[in-house]
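Here is entry_8.cif, consisting of mmCIF, C-alpha atoms:
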data_coords
#
loop_
_atom_site.label_atom_id
_atom_site.label_comp_id
_atom_site.auth_asym_id
_atom_site.auth_seq_id
_atom_site.Cartn_x
_atom_site.Cartn_y
_atom_site.Cartn_z
CA MET P 1 82.11 89.30 128.70
CA ALA P 2 83.77 88.86 125.29
CA ALA P 3 85.19 91.85 123.45
CA GLY P 4 82.77 91.23 120.54
CA SER P 5 79.77 91.42 122.87
CA LEU P 6 81.03 94.64 124.43
CA ARG P 7 81.54 96.11 120.97
CA GLN P 8 77.97 95.19 119.98
CA ILE P 9 76.56 96.76 123.14
CA GLY P 10 78.60 99.90 122.49
CA ARG P 11 77.30 100.12 118.91
CA LEU P 12 73.69 99.70 120.07
CA ALA P 13 74.13 102.45 122.66
CA LEU P 14 75.73 104.74 120.09
CA ASP P 15 72.92 104.03 117.60
CA LEU P 16 70.37 105.02 120.24
CA LEU P 17 72.19 108.26 121.04
CA LEU P 18 73.20 109.12 117.46
CA PRO P 19 70.97 107.30 114.93
CA ALA P 20 72.49 106.56 111.52
CA GLN P 21 71.76 109.20 108.87
CA CYS P 22 71.89 109.24 105.08
CA LEU P 23 75.26 110.36 103.70
CA THR P 24 73.66 113.16 101.70
CA CYS P 25 70.43 114.34 103.30
CA ASP P 26 70.60 113.27 106.97
CA ALA P 27 67.39 111.19 106.70
CA PRO P 28 67.38 108.18 109.05
CA VAL P 29 68.88 104.97 107.61
CA ASP P 30 69.35 101.48 109.03
CA ALA P 31 73.16 101.62 109.29
CA PRO P 32 75.95 104.22 109.13
CA GLY P 33 77.44 104.95 105.70
CA ARG P 34 74.22 104.27 103.81
CA LEU P 35 71.95 106.31 101.56
CA CYS P 36 68.21 106.74 102.08
CA PRO P 37 66.03 105.32 99.26
CA ALA P 38 65.53 108.73 97.61
CA CYS P 39 69.26 109.55 97.60
CA PHE P 40 70.11 106.02 96.45
CA ARG P 41 67.82 106.45 93.43
CA ALA P 42 69.42 109.85 92.67
CA THR P 43 72.98 108.49 92.86
CA GLY P 44 74.70 107.56 89.59
CA PHE P 45 76.57 104.36 90.37
CA VAL P 46 79.01 103.20 87.69
CA THR P 47 78.01 99.71 86.57
CA GLU P 48 78.49 97.50 83.54
CA PRO P 49 78.75 98.14 80.68
CA CYS P 50 81.96 100.10 81.05
CA CYS P 51 85.43 100.25 79.51
CA ALA P 52 87.41 97.17 80.51
CA ARG P 53 90.51 99.31 81.04
CA CYS P 54 89.59 102.68 82.53
CA GLY P 55 86.05 101.93 83.72
CA VAL P 56 84.32 104.83 81.96
CA PRO P 57 80.63 103.95 81.66
CA PHE P 58 79.13 103.10 78.28
CA ALA P 59 75.62 104.01 77.13
CA HIS P 60 75.06 100.42 75.88
CA ALA P 61 76.89 97.08 75.84
CA GLY P 62 77.95 97.28 72.19
CA GLN P 63 79.63 100.68 72.56
CA GLY P 64 83.08 99.33 73.44
CA GLY P 65 83.24 96.76 70.69
CA PRO P 66 84.55 93.24 71.27
CA GLU P 67 87.50 94.51 73.36
CA ARG P 68 85.11 96.56 75.56
CA LEU P 69 87.44 99.58 75.32
CA CYS P 70 86.53 103.25 75.08
CA GLN P 71 87.98 105.28 72.22
CA ARG P 72 90.42 107.07 74.51
CA CYS P 73 91.91 103.76 75.78
CA ARG P 74 92.20 102.55 72.19
CA ASP P 75 93.96 105.74 71.05
CA GLU P 76 96.17 106.32 74.10
CA PRO P 77 96.12 103.37 76.52
CA PRO P 78 96.68 104.50 80.11
CA PRO P 79 99.69 103.12 82.03
CA TRP P 80 97.45 100.81 84.13
CA ASP P 81 95.65 97.60 83.19
CA ARG P 82 92.28 98.10 84.90
CA ALA P 83 90.50 100.77 86.93
CA ARG P 84 86.96 101.26 88.20
CA GLY P 85 85.01 104.17 89.58
CA ALA P 86 82.12 103.74 91.97
CA LEU P 87 80.16 106.91 91.16
CA ARG P 88 79.53 109.15 88.19
CA TYR P 89 80.90 112.55 89.16
CA ASP P 90 77.79 114.71 89.20
CA ALA P 91 75.94 116.97 91.64
CA GLN P 92 74.71 114.03 93.72
CA SER P 93 78.09 112.34 94.08
CA ARG P 94 79.70 115.68 94.96
CA ARG P 95 77.34 115.78 97.96
CA ILE P 96 79.11 112.63 99.18
CA VAL P 97 82.69 113.11 97.96
CA LEU P 98 83.37 116.78 98.71
CA PRO P 99 82.38 116.72 102.42
CA PHE P 100 84.61 113.66 102.83
CA LYS P 101 87.51 115.16 100.94
CA HIS P 102 87.38 118.77 102.12
CA GLY P 103 84.87 118.94 104.98
CA ASP P 104 86.48 116.65 107.56
CA ARG P 105 83.62 114.16 107.20
CA THR P 106 85.96 111.18 107.58
CA GLU P 107 83.05 109.00 108.71
CA PHE P 108 82.02 108.90 105.02
CA ALA P 109 84.98 106.58 104.31
CA ALA P 110 83.08 103.44 105.34
CA GLY P 111 80.11 104.17 103.05
CA LEU P 112 82.33 105.17 100.14
CA ALA P 113 84.43 102.02 100.62
CA GLN P 114 81.27 99.89 100.38
CA MET P 115 80.45 101.56 97.07
CA MET P 116 84.02 101.04 95.88
CA ALA P 117 83.94 97.37 96.91
CA ARG P 118 80.84 96.77 94.79
CA ALA P 119 82.20 98.62 91.77
CA GLY P 120 85.65 97.06 91.97
CA ALA P 121 84.77 93.54 93.13
CA ALA P 122 86.61 91.87 90.24
CA LEU P 123 89.74 93.97 90.81
CA LEU P 124 89.68 93.31 94.54
CA ARG P 125 89.46 89.54 93.99
CA ASP P 126 92.75 89.73 92.04
CA ALA P 127 94.47 92.20 94.39
CA ASP P 128 97.30 91.11 96.66
CA LEU P 129 97.25 94.34 98.65
CA LEU P 130 95.93 97.90 98.57
CA VAL P 131 98.22 100.92 98.30
CA PRO P 132 96.59 104.37 98.47
CA VAL P 133 97.82 107.35 96.50
CA PRO P 134 99.86 109.50 98.88
CA LEU P 135 99.46 113.21 99.52
CA HIS P 136 102.42 115.54 99.42
CA ARG P 137 103.55 116.44 102.94
CA ALA P 138 102.40 120.07 102.54
CA ARG P 139 98.90 119.01 101.49
CA LEU P 140 98.75 116.38 104.24
CA ILE P 141 99.60 119.02 106.84
CA ALA P 142 96.93 121.36 105.45
CA ARG P 143 94.25 118.65 105.22
CA ARG P 144 95.31 116.72 108.36
CA TYR P 145 94.48 113.33 106.83
CA ASN P 146 94.89 111.42 103.58
CA GLN P 147 91.42 110.55 102.30
CA ALA P 148 92.86 107.86 100.00
CA ALA P 149 94.47 106.13 102.99
CA LEU P 150 91.18 106.22 104.92
CA LEU P 151 89.37 104.70 101.94
CA ALA P 152 92.08 102.07 101.46
CA ARG P 153 91.87 101.00 105.11
CA ALA P 154 88.06 100.74 104.99
CA LEU P 155 88.19 98.90 101.66
CA ALA P 156 90.87 96.53 102.98
CA ARG P 157 88.56 95.55 105.86
CA ILE P 158 85.71 94.81 103.43
CA ALA P 159 87.90 92.93 100.92
CA ALA P 160 90.02 91.14 103.53
CA ARG P 161 93.21 92.40 101.88
CA PRO P 162 96.28 93.94 103.49
CA VAL P 163 96.85 97.67 103.07
CA LEU P 164 100.19 99.50 102.98
CA PRO P 165 99.28 103.17 103.48
CA ASP P 166 102.90 104.37 103.50
CA ALA P 167 104.27 102.26 100.62
CA LEU P 168 104.53 105.27 98.29
CA ARG P 169 105.77 108.81 98.80
CA ARG P 170 104.74 111.86 96.80
CA THR P 171 107.88 113.90 96.22
CA ARG P 172 106.43 116.91 94.45
CA VAL P 173 103.37 119.08 94.85
CA THR P 174 100.82 118.52 92.09
CA VAL P 175 97.76 120.52 91.04
CA PRO P 176 94.63 119.29 92.86
CA PRO P 177 92.27 117.52 90.41
CA GLY P 178 89.45 119.89 91.43
CA ASP P 179 91.49 122.78 90.01
CA LEU P 180 91.83 121.14 86.57
#
Could you write out this structure as C-alpha cells?
Amino acid sequence: MAAGSLRQIGRLALDLLLPAQCLTCDAPVDAPGRLCPACFRATGFVTEPCCARCGVPFAHAGQGGPERLCQRCRDEPPPWDRARGALRYDAQSRRIVLPFKHGDRTEFAAGLAQMMARAGAALLRDADLLVPVPLHRARLIARRYNQAALLARALARIAARPVLPDALRRTRVTVPPGDL
C-alpha cells in the first residue's frame, strides 16, 4: 500500500477518534484548524482596503489616498516594504492567538497559517523563502517552541516556498509585545 493511502487511512481513523473542533469554541467542524460558522462571522479578518505598506485596515477605499498609505507610513515609513496581518487584534482573535502563543496549543499553527496565506497571498507569490522571527534563547527555553517558526513551516507548506527557521539569531532579550 502506498504511503499516501496509509496516511489517508490514518487521518480518517484519527478523525473518528478525535473529531475536528473549532479553534475557538470546540464546536464540530469539517477539518482541523477551521472555525465554526458562528466564530467565523465573529472573527475580524484583515482584508482590502488596507495600507499598501504596513497592512493596517482602512474604513473605506479612499482613506489611503492614491498611494494607499496610512498616515503613519507617510510620516514615518517603516523599514520594510510590505506587511500584512491576517486578523484584527480583538477579543475574538485573542481566543485563537493567545492559546497558540502561550497555551501550548501548537495545533493552531495550521489554521493560523491558512488565515495568513489568504491575507498575504500577494506577498507570498513574490517571496523566495520564509524566515521566521527568532526567539531569544532564554525565551525559547521558557516557551519550549518558537511559534513564529511553527507558523512559517505551516505557511511554507501552503505556499510551496522554502523556509529557513534558523537563518536569524536574536542576540538580546526584548520586551514581549504583550507587555507593551
Just say which residues the PyMOL selection byres ((chain P and resi 25) around 12) picks in this file, as a list of chain:residue names.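 Written out, the selection comes to P:Ala20, P:Gln21, P:Cys22, P:Leu23, P:Thr24, P:Asp26, P:Ala27, P:Pro28, P:Val29, P:Gly33, P:Arg34, P:Leu35, P:Cys36, P:Pro37, P:Ala38, P:Cys39, P:Phe40, P:Ala42, P:Gln92, P:Arg95, P:Ile96.
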Within 12 Å of (78.8, 95.8, 96.4) in the file's own coordinates, which protein, DNA or RNA residues have an atom, counting all atoms listed in the file? List them as a list in words. Phe45, Val46, Thr47, Ala86, Gly111, Leu112, Ala113, Gln114, Met115, Met116, Ala117, Arg118, Ala119, Gly120, Ala121, Ala122, Leu124, Leu155, Ile158 and Ala159 of chain P
Neighbour list for Ala61 of chain P as number ranges by chain, cut-off 12 Å, only C-alpha atoms, skip fewer than 2 positions in-chain: P: 47-52, 57-59, 63-70
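Here the PyMOL selection byres ((chain P and resi 127-136) around 7) catches exactly these residues: Leu123, Leu124, Arg125, Asp126, Arg137, Ala138, Arg139, Leu140, Asn146, Ala148, Ala149, Ala152, Ala156, Arg161, Pro162, Val163, Leu164, Pro165, Ala167, Leu168, Arg169, Arg170, Thr171, Arg172 and Val173 of chain P.
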Straight-line distance linking atom CA of Arg153 of chain P with atom CA of Asp166 of chain P, stated in Å to one decimal: 11.6 Å
Here is a test: counting only C-alpha atoms, which residue of P:Leu6, P:Ala91, P:Ala109, P:Ala31 is nearest to Ala154 of chain P?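 Distance minimum relative to Ala154 of chain P lands on P:Ala109.
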Centre and edge lengths, as lines of an AutoDock Vina configuration file, for the axis-aligned box enclosing every listed atom of segment 59-62 of chain P with 3 Å of padding on each of the six sides, in Å to one decimal?
center_x = 76.5
center_y = 100.5
center_z = 74.7
size_x = 8.9
size_y = 12.9
size_z = 10.9
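From atom CA of Leu150 of chain P back to atom CA of Arg94 of chain P, the distance works out to 17.9 Å.
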